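Student: For reference, the file upload.txt (compact mmCIF, C-alpha atoms and all ligand atoms) is included below:
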```txt
# COMPACT_ATOMS: atom_id res chain seq x y z
CA MET A 21 94.41 153.54 84.95
CA THR A 22 92.46 150.98 86.96
CA GLU A 23 94.47 148.03 88.10
CA LEU A 24 92.85 144.67 87.33
CA LEU A 25 95.42 142.12 88.32
CA ARG A 26 98.40 142.26 90.63
CA VAL A 27 100.63 139.24 91.06
CA LYS A 28 102.77 139.59 94.18
CA ASN A 29 105.84 137.49 94.81
CA LEU A 30 104.32 134.37 93.25
CA ARG A 31 106.13 131.13 93.88
CA THR A 32 104.90 127.92 92.29
CA GLY A 33 106.40 124.46 92.48
CA PHE A 34 105.99 121.03 90.95
CA ARG A 35 105.46 118.01 93.15
CA THR A 36 108.20 115.46 92.56
CA GLU A 37 109.37 112.28 94.27
CA ASN A 38 111.84 114.45 96.16
CA GLY A 39 109.31 117.01 97.35
CA LEU A 40 108.20 120.34 95.96
CA LEU A 41 110.50 121.70 93.26
CA PRO A 42 110.15 125.50 92.78
CA VAL A 43 109.70 126.55 89.14
CA ILE A 44 108.40 130.11 89.60
CA HIS A 45 110.68 132.01 91.93
CA GLY A 46 108.82 135.03 93.30
CA ILE A 47 107.51 137.04 90.38
CA SER A 48 105.52 140.28 90.66
CA PHE A 49 103.69 142.22 87.96
CA HIS A 50 100.35 143.85 87.21
CA VAL A 51 97.84 144.30 84.39
CA ASN A 52 95.68 147.42 84.11
CA GLN A 53 92.26 147.66 82.56
CA GLY A 54 92.50 148.27 78.81
CA GLU A 55 96.09 147.10 78.65
CA ILE A 56 97.71 144.17 76.83
CA VAL A 57 100.68 142.84 78.77
CA GLY A 58 102.89 140.28 77.06
CA VAL A 59 104.77 137.56 78.89
CA VAL A 60 107.54 136.29 76.68
CA GLY A 61 110.21 133.63 76.99
CA GLU A 62 111.28 130.27 75.60
CA SER A 63 109.36 127.15 76.55
CA GLY A 64 110.40 126.15 80.04
CA SER A 65 110.74 129.76 81.22
CA GLY A 66 107.60 129.52 83.37
CA LYS A 67 105.09 131.51 81.31
CA SER A 68 102.32 128.91 81.25
CA VAL A 69 102.84 127.92 84.88
CA THR A 70 102.35 131.61 85.73
CA SER A 71 99.00 131.74 83.93
CA LEU A 72 97.85 128.43 85.42
CA SER A 73 98.83 129.74 88.87
CA ILE A 74 96.68 132.85 88.42
CA MET A 75 93.71 130.71 87.41
CA ARG A 76 94.54 128.02 89.99
CA LEU A 77 94.16 125.46 87.22
CA PHE A 78 96.46 122.63 88.18
CA HIS A 79 94.04 119.73 87.75
CA ASP A 80 96.12 117.89 85.14
CA THR A 81 99.56 119.00 86.31
CA PRO A 82 101.65 118.50 89.44
CA GLY A 83 101.74 122.27 90.06
CA GLU A 84 101.21 123.80 93.49
CA ILE A 85 101.21 127.39 94.71
CA MET A 86 103.97 127.84 97.30
CA ASP A 87 103.71 131.50 98.17
CA GLY A 88 102.51 134.91 97.08
CA GLU A 89 99.23 136.59 96.20
CA VAL A 90 97.17 137.09 93.07
CA LEU A 91 94.99 140.13 93.59
CA TYR A 92 92.14 140.46 91.14
CA LYS A 93 90.33 143.78 91.58
CA GLY A 94 91.92 143.83 95.02
CA GLU A 95 90.74 140.35 96.10
CA ASN A 96 93.31 137.62 96.69
CA LEU A 97 92.29 134.72 94.44
CA PHE A 98 94.32 132.34 96.58
CA ASP A 99 91.93 133.00 99.50
CA LEU A 100 88.81 131.98 97.57
CA THR A 101 87.06 128.65 97.91
CA GLU A 102 87.15 126.51 94.76
CA LYS A 103 83.44 127.23 94.32
CA ARG A 104 84.02 131.01 94.34
CA MET A 105 87.03 130.60 92.08
CA LYS A 106 84.85 128.76 89.54
CA GLN A 107 82.59 131.80 89.37
CA TYR A 108 85.59 133.99 88.62
CA ARG A 109 86.74 131.72 85.78
CA GLY A 110 84.71 132.58 82.72
CA ASN A 111 82.71 135.43 84.27
CA GLU A 112 85.60 137.66 85.32
CA ILE A 113 88.74 136.01 83.96
CA SER A 114 88.75 133.97 80.78
CA MET A 115 91.49 131.89 79.27
CA ILE A 116 92.41 130.92 75.72
CA PHE A 117 94.92 128.16 75.06
CA GLN A 118 97.18 127.32 72.15
CA GLU A 119 95.24 124.35 70.84
CA PRO A 120 91.55 125.22 70.47
CA MET A 121 90.65 121.53 70.11
CA THR A 122 91.48 120.97 73.80
CA SER A 123 88.96 123.63 74.87
CA LEU A 124 86.16 122.33 72.64
CA ASN A 125 84.19 119.16 73.21
CA PRO A 126 84.62 117.10 70.01
CA VAL A 127 81.27 115.32 70.32
CA LEU A 128 79.10 118.41 70.85
CA LYS A 129 77.98 120.83 68.17
CA ILE A 130 79.37 124.37 68.37
CA GLY A 131 75.90 125.78 69.03
CA LYS A 132 75.32 123.56 72.05
CA GLN A 133 78.72 124.41 73.53
CA MET A 134 78.25 128.14 73.01
CA ARG A 135 74.75 128.02 74.48
CA GLU A 136 75.82 126.03 77.51
CA THR A 137 78.57 128.53 78.35
CA ILE A 138 76.19 131.45 77.97
CA GLU A 139 73.32 129.81 79.88
CA LEU A 140 75.66 128.91 82.71
CA HIS A 141 77.48 132.21 83.13
CA LEU A 142 74.87 134.73 82.05
CA ASN A 143 71.80 132.91 83.34
CA MET A 144 70.04 133.28 80.00
CA PRO A 145 67.14 131.15 78.80
CA LYS A 146 67.96 128.74 75.97
CA LYS A 147 66.35 130.67 73.11
CA GLU A 148 67.96 133.94 74.08
CA ALA A 149 71.31 132.20 74.58
CA HIS A 150 71.02 130.80 71.05
CA GLN A 151 70.56 134.27 69.54
CA TYR A 152 73.30 135.71 71.73
CA ALA A 153 75.68 132.93 70.61
CA ILE A 154 75.06 133.75 66.94
CA LYS A 155 75.60 137.45 67.63
CA THR A 156 78.89 136.74 69.43
CA LEU A 157 80.14 134.41 66.67
CA LYS A 158 79.41 137.15 64.12
CA SER A 159 81.28 139.67 66.25
CA VAL A 160 84.47 137.61 65.92
CA GLY A 161 84.21 137.64 62.14
CA ILE A 162 82.40 134.35 61.51
CA PRO A 163 80.15 135.16 58.56
CA ARG A 164 77.87 132.08 58.44
CA ALA A 165 77.41 131.86 62.19
CA GLU A 166 73.91 130.29 61.97
CA ASP A 167 75.23 127.30 59.96
CA LEU A 168 78.27 126.93 62.15
CA MET A 169 76.07 126.47 65.22
CA ASP A 170 75.10 123.09 63.71
CA GLU A 171 78.64 121.88 63.07
CA TYR A 172 81.14 119.86 65.10
CA PRO A 173 84.59 121.25 66.02
CA HIS A 174 86.43 118.88 63.63
CA GLN A 175 84.51 120.33 60.68
CA LEU A 176 86.18 123.71 61.22
CA SER A 177 89.67 124.93 60.30
CA GLY A 178 92.16 125.73 63.09
CA GLY A 179 91.61 129.47 62.61
CA MET A 180 87.81 129.11 62.76
CA ARG A 181 88.08 126.97 65.88
CA GLN A 182 90.19 129.63 67.58
CA ARG A 183 87.59 132.26 66.61
CA VAL A 184 84.89 130.08 68.19
CA ILE A 185 86.95 129.81 71.40
CA ILE A 186 87.47 133.56 71.48
CA ALA A 187 83.72 134.08 70.97
CA MET A 188 83.00 131.65 73.78
CA GLN A 189 85.48 133.28 76.13
CA ILE A 190 84.32 136.84 75.50
CA SER A 191 80.61 135.98 75.50
CA CYS A 192 80.49 136.48 79.28
CA ASN A 193 82.21 139.88 79.14
CA PRO A 194 85.26 139.04 81.25
CA SER A 195 87.37 141.95 82.50
CA LEU A 196 90.59 139.99 82.08
CA LEU A 197 91.59 137.57 79.35
CA ILE A 198 94.60 135.31 79.69
CA ALA A 199 95.75 134.08 76.28
CA ASP A 200 98.44 131.39 76.32
CA GLU A 201 100.06 131.10 72.86
CA PRO A 202 96.64 131.52 71.19
CA THR A 203 98.08 131.84 67.68
CA THR A 204 101.10 129.52 67.86
CA ALA A 205 99.34 126.57 66.18
CA LEU A 206 98.04 128.72 63.31
CA ASP A 207 99.71 129.65 60.04
CA VAL A 208 101.07 133.18 59.67
CA THR A 209 98.15 134.76 57.78
CA ILE A 210 95.54 133.34 60.14
CA GLN A 211 97.75 134.31 63.08
CA ALA A 212 97.70 137.95 61.94
CA GLN A 213 93.90 137.85 61.61
CA ILE A 214 93.44 136.44 65.10
CA LEU A 215 95.82 139.02 66.59
CA ASN A 216 93.90 141.81 64.87
CA LEU A 217 90.67 140.37 66.18
CA MET A 218 91.98 140.25 69.75
CA LYS A 219 93.20 143.82 69.51
CA GLU A 220 89.81 144.93 68.15
CA ILE A 221 87.96 143.18 70.96
CA GLN A 222 90.28 144.70 73.54
CA VAL A 223 89.67 148.21 72.20
CA LYS A 224 85.91 147.66 72.06
CA THR A 225 85.55 146.11 75.53
CA ASN A 226 88.45 147.81 77.34
CA MET A 227 89.38 144.48 78.92
CA GLY A 228 92.88 143.73 80.14
CA ILE A 229 94.79 140.95 78.39
CA LEU A 230 97.72 138.92 79.63
CA PHE A 231 99.25 137.59 76.45
CA ILE A 232 101.67 134.68 76.78
CA THR A 233 103.94 133.89 73.86
CA HIS A 234 107.43 132.69 72.93
CA ASP A 235 107.36 135.05 69.95
CA LEU A 236 108.53 138.65 70.38
CA GLY A 237 107.21 139.38 66.88
CA VAL A 238 103.69 138.75 68.21
CA VAL A 239 104.43 140.94 71.24
CA ALA A 240 105.39 143.80 68.94
CA GLU A 241 102.06 143.45 67.09
CA ILE A 242 99.70 143.49 69.99
CA CYS A 243 101.17 144.35 73.42
CA ASP A 244 101.53 147.60 75.33
CA ARG A 245 103.95 146.35 77.95
CA VAL A 246 106.21 143.29 78.05
CA ILE A 247 107.54 141.00 80.77
CA VAL A 248 110.46 138.81 79.76
CA MET A 249 110.76 135.61 81.77
CA TYR A 250 113.73 133.31 82.12
CA ALA A 251 114.05 130.23 84.34
CA GLY A 252 111.00 131.17 86.42
CA LYS A 253 111.97 134.79 87.04
CA ILE A 254 111.33 138.15 85.43
CA VAL A 255 114.55 139.35 83.79
CA GLU A 256 113.20 142.45 82.04
CA GLU A 257 110.05 144.57 81.94
CA ALA A 258 109.32 147.65 79.84
CA THR A 259 106.83 149.15 77.40
CA VAL A 260 106.94 147.56 73.96
CA GLU A 261 108.48 150.68 72.37
CA GLU A 262 111.16 150.87 75.04
CA LEU A 263 111.92 147.15 74.92
CA PHE A 264 112.53 147.13 71.19
CA ALA A 265 114.35 150.48 71.12
CA GLN A 266 116.49 149.92 74.22
CA PRO A 267 116.59 146.24 75.17
CA LYS A 268 118.90 145.74 78.15
CA HIS A 269 119.10 142.12 79.21
CA PRO A 270 121.29 139.94 76.96
CA TYR A 271 118.48 137.35 76.89
CA THR A 272 115.98 139.93 75.58
CA LYS A 273 118.51 141.04 72.98
CA GLY A 274 118.86 137.41 71.86
CA LEU A 275 115.08 137.04 71.62
CA ILE A 276 114.83 140.21 69.52
CA GLU A 277 117.55 138.93 67.20
CA SER A 278 115.61 135.69 66.79
CA VAL A 279 112.55 137.50 65.36
CA PRO A 280 112.44 136.95 61.58
CA LYS A 281 112.71 140.20 59.65
CA ILE A 282 111.04 140.88 56.34
CA GLY A 283 113.15 139.64 53.45
CA MET A 284 115.39 137.55 55.68
CA LYS A 285 116.00 133.94 54.71
CA SER A 286 114.79 131.70 57.52
CA GLU A 287 117.94 129.56 57.59
CA LYS A 288 119.90 132.65 58.66
CA LEU A 289 117.70 133.17 61.69
CA TYR A 290 119.58 133.68 64.95
CA SER A 291 118.91 131.41 67.86
CA ILE A 292 120.28 131.82 71.39
CA PRO A 293 122.84 129.07 72.01
CA GLY A 294 122.06 126.52 74.74
CA THR A 295 118.79 125.81 76.53
CA VAL A 296 116.76 127.01 79.51
CA PRO A 297 118.26 125.40 82.65
CA ASN A 298 116.55 122.44 84.27
CA PRO A 299 114.81 123.40 87.54
CA THR A 300 116.55 120.49 89.28
CA ASN A 301 119.95 121.84 88.32
CA MET A 302 119.94 125.64 88.35
CA PRO A 303 123.15 127.61 87.84
CA LYS A 304 124.28 129.37 91.02
CA GLY A 305 124.47 133.04 90.00
CA CYS A 306 122.64 134.59 87.05
CA LYS A 307 120.49 131.83 85.57
CA PHE A 308 121.37 133.02 82.07
CA ALA A 309 125.15 133.04 82.65
CA PRO A 310 125.92 129.71 80.94
CA ARG A 311 124.43 131.11 77.71
CA CYS A 312 125.52 134.73 78.03
CA GLU A 313 128.37 136.11 75.95
CA HIS A 314 128.82 138.98 78.43
CA ALA A 315 129.07 136.81 81.55
CA MET A 316 131.60 138.10 84.12
CA ALA A 317 133.05 136.36 87.17
CA ILE A 318 130.35 137.77 89.47
CA CYS A 319 127.58 136.45 87.17
CA HIS A 320 128.52 132.86 88.01
CA LYS A 321 128.58 133.58 91.76
CA LYS A 322 125.78 135.94 92.62
CA GLU A 323 122.39 136.48 91.09
CA PRO A 324 121.57 140.11 90.21
CA ALA A 325 118.37 141.69 91.56
CA LEU A 326 115.65 143.13 89.34
CA MET A 327 116.53 146.81 89.13
CA THR A 328 114.13 149.47 87.84
CA VAL A 329 115.24 152.73 86.22
CA ASN A 330 112.55 154.96 84.63
CA HIS A 331 109.94 152.19 84.58
CA HIS A 332 112.34 149.84 82.81
CA ALA A 333 113.35 146.83 84.92
CA THR A 334 116.32 144.55 84.28
CA ARG A 335 117.99 141.72 86.15
CA CYS A 336 121.60 141.95 84.94
CA TRP A 337 124.92 142.96 86.51
CA LEU A 338 125.80 145.01 83.43
CA TYR A 339 123.24 147.61 84.61
CA ASP A 340 124.37 147.71 88.22
CA GLU A 341 126.32 150.94 88.35
CA GLU A 342 128.12 150.20 91.63
CA MET A 343 129.28 146.83 90.40
CA MET A 344 130.42 148.11 87.02
CA LYS A 345 132.30 151.02 88.67
CA ASP A 346 134.20 148.52 90.85
CA LYS A 347 134.89 146.39 87.82
CA GLN A 348 136.30 149.33 85.87
CA GLY A 349 138.41 150.24 88.88
CA GLU A 350 139.79 146.71 89.00
CA GLY A 351 140.53 146.88 85.28
CA MET A 352 142.62 150.06 85.77
CA THR A 353 144.71 148.72 88.62
CA ASN A 354 145.43 145.48 86.76
FE1 LIG A 401 124.88 137.99 81.29
FE2 LIG A 401 125.92 138.53 83.69
FE3 LIG A 401 123.87 139.95 82.78
FE4 LIG A 401 123.54 137.41 83.53
S1 LIG A 401 124.12 139.12 84.85
S2 LIG A 401 122.73 138.36 81.72
S3 LIG A 401 125.45 136.52 82.83
S4 LIG A 401 125.92 139.87 81.93
MG MG A 402 103.67 127.18 77.44
```
Show me this structure written as structure tokens.
Ligand code: SF4
Ligand code: MG

Tutor:
Amino acid sequence: MTELLRVKNLRTGFRTENGLLPVIHGISFHVNQGEIVGVVGESGSGKSVTSLSIMRLFHDTPGEIMDGEVLYKGENLFDLTEKRMKQYRGNEISMIFQEPMTSLNPVLKIGKQMRETIELHLNMPKKEAHQYAIKTLKSVGIPRAEDLMDEYPHQLSGGMRQRVIIAMQISCNPSLLIADEPTTALDVTIQAQILNLMKEIQVKTNMGILFITHDLGVVAEICDRVIVMYAGKIVEEATVEELFAQPKHPYTKGLIESVPKIGMKSEKLYSIPGTVPNPTNMPKGCKFAPRCEHAMAICHKKEPALMTVNHHATRCWLYDEEMMKDKQGEGMTN
């Protein structure tokens, strides 16, 4: 499999009155061509900051890259000038956000916005761009694409708007798509349609997708491999099948339990007690320890490393054989 993206030891911080506050603490992962990799975690776990770091899109936020590399097709994006980076955004790497309204200009008709994107990135004359826009809108399941070209974003439903964004983002044939909670604002039926659409597009184009979500149910629908993030670090990584069949980290287990199951009354839904720690006040050892029902003495003192066994990585003392052997030994002598 061809590797598209490799994030190496990424550290990102937020500028505060007291200096740079790290929020992403050295994460590493990759996305291959033709693969959908999910990044899952609660809000505040660092998922969106990770995607903004890859795209170097910190214009409206106090974010700043502190360390690491983002290799796209072998080239470190952090070494590029802003001008070069702009050419990568849209042409090579596209991004879809949760709220399609923020990516659409409310005062411009859909047709004009589609055309402008296509003219800019594909260097197409206006007339050709117009036809190409209609073709792309049809390819994302918009039946009356010609009429829609003449409408404003507010005239469309949320689901239609997200389809338009997807059409716009794939119109330039990117190799990598970063989707940050693209279906979170939509109702369940529309959500399923958009997920199916994304899967279809991925199969057709063989692009790689980095899919960011707080919802493991969505991950199960669409992803091949999953990265679980907690407090700015990766705590587990495995294929989707493996993660659901053999989850290891107590946080992942909690997330899986929080996924609604068919026939289950929503008021019975499990939620992990407590909240993601504040970056200004991180627990000393394992960042999940204050919420973990399995926490041991060592968990509050020392943070476990990310350990990989058979392509399944976990950051938890329970899977450190040496440590658990010692612990059992202690138990016997006591
Ligand atoms: Fe729980 Fe300890 Fe594992 Fe952290 S290291 S998840 S506190 S058992
Ligand atoms: Mg987010």

Student: Quick one: everything within 12 Å of segment 133-148 of chain A, counting only C-alpha atoms, minus sequence neighbours fewer than 5 positions away in the same chain. Send it as a ChimeraX atom specification.

Tutor: /A:106-114,123-128,153-157,165,168-173,184-194

Student: As a quick test: using only C-alpha atoms and all ligand atoms, which residues lie no more than 10 Å away from ligand MG 402 (chain A)? Give them as a list in words.

Tutor: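 Protein and nucleic-acid residues within 10 Å of ligand MG 402 (chain A): Val60, Gly61, Glu62, Ser63, Gly64, Ser65, Gly66, Lys67, Ser68, Val69, Thr70, Ser71, Leu72, Phe117, Gln118, Asp200, Glu201, Ile232, Thr233 and His234 of chain A.
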
Student: Write out as an MDAnalysis selection string which residues come within 7 Å of segment 330-335 of chain A when counting all atoms listed in the file, dropping same-chain ones fewer than 4 positions away.

Tutor: chainID A and resid 255:258 268:269 324:326

Student: All residues within 10 Å of ligand LIG 401 (chain A) are required, counting only C-alpha atoms and all ligand atoms; please report them as a count of residues only.

Tutor: 34

Student: Please measure the separation of atom CA of Lys347 of chain A and atom CA of Gly274 of chain A, giving the value in Å to one decimal.

Tutor: 24.3 Å

Student: What is the atom CA of Gly178 of chain A-atom CA of Ser159 of chain A distance in Å, reported with one decimal?

Tutor: 18.0 Å

Student: With only C-alpha atoms as the basis for distance, which of A:Arg26, A:Ala149, A:Arg76, A:Ile229 is at the shortest distance from Thr101 of chain A?

Tutor: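 When distances to Thr101 of chain A are compared using only C-alpha atoms, the smallest one comes from A:Arg76.
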
Student: Could you please give me, as a PyMOL selection string, the residues of protein, DNA or RNA lying at most 9 Å from (108.5, 131.2, 91.7) in the coordinate frame of the file, considering only C-alpha atoms?

Tutor: chain A and resi 29-33+42-47+66+70+85-88+252-253

Student: Let me see the file: selected residues, C-alpha atoms, as a PDB file, in the frame of the given file.

Tutor:
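Result file is again14.pdb:
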```pdb
ATOM      1  CA  ASN A  29     105.840 137.490  94.810  1.00  0.00           C
ATOM      2  CA  LEU A  30     104.320 134.370  93.250  1.00  0.00           C
ATOM      3  CA  ARG A  31     106.130 131.130  93.880  1.00  0.00           C
ATOM      4  CA  THR A  32     104.900 127.920  92.290  1.00  0.00           C
ATOM      5  CA  GLY A  33     106.400 124.460  92.480  1.00  0.00           C
ATOM      6  CA  PRO A  42     110.150 125.500  92.780  1.00  0.00           C
ATOM      7  CA  VAL A  43     109.700 126.550  89.140  1.00  0.00           C
ATOM      8  CA  ILE A  44     108.400 130.110  89.600  1.00  0.00           C
ATOM      9  CA  HIS A  45     110.680 132.010  91.930  1.00  0.00           C
ATOM     10  CA  GLY A  46     108.820 135.030  93.300  1.00  0.00           C
ATOM     11  CA  ILE A  47     107.510 137.040  90.380  1.00  0.00           C
ATOM     12  CA  GLY A  66     107.600 129.520  83.370  1.00  0.00           C
ATOM     13  CA  THR A  70     102.350 131.610  85.730  1.00  0.00           C
ATOM     14  CA  ILE A  85     101.210 127.390  94.710  1.00  0.00           C
ATOM     15  CA  MET A  86     103.970 127.840  97.300  1.00  0.00           C
ATOM     16  CA  ASP A  87     103.710 131.500  98.170  1.00  0.00           C
ATOM     17  CA  GLY A  88     102.510 134.910  97.080  1.00  0.00           C
ATOM     18  CA  GLY A 252     111.000 131.170  86.420  1.00  0.00           C
ATOM     19  CA  LYS A 253     111.970 134.790  87.040  1.00  0.00           C
TER      20      LYS A 253
END
```

Student: Quick one: of A:Leu230, A:Leu236, A:Leu25, A:Leu289, who's nearest to Tyr92 of chain A, counting all atoms listed in the file?

Tutor: A:Leu25

Student: For Phe34 of chain A, which residue among A:Thr81, A:Gln175, A:Gly54, A:Ile292 is the nearest when counting only C-alpha atoms?

Tutor: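 Distance minimum relative to Phe34 of chain A lands on A:Thr81.
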
Student: Just the number, please: distance in Å from atom CA of Cys243 of chain A to atom CA of Thr328 of chain A, one decimal.

Tutor: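 Those two atoms sit 20.1 Å apart.
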
Student: Let me make sure I understand: among A:Met344, A:Met21, A:Val239, A:Ile56, which one has the smallest atom-to-atom distance to Val223 of chain A if we use only C-alpha atoms?

Tutor: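 Among A:Met344, A:Met21, A:Val239, A:Ile56, it is A:Ile56 that comes nearest to Val223 of chain A.
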
Student: Could you pull the residues within 10 Å of Ala205 of chain A, counting all atoms listed in the file, minus those fewer than 5 positions along the same chain, as an NGL selection string?

Tutor: :A and (118-120 or 178-179 or 182 or 210-211)

Student: Counting all atoms listed in the file, what is within 9 Å of Ala240 of chain A, bar same-chain residues fewer than 4 positions away, as a PyMOL selection string?

Tutor: chain A and resi 236+244+260-261+264

Student: Can you tell me, as a list in words, what residues are no more than 6 Å from Asn52 of chain A when counting all atoms listed in the file, ignoring any on the same chain fewer than 6 positions away?

Tutor: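 In the requested format, the answer is Thr22, Glu23 and Leu24 of chain A.
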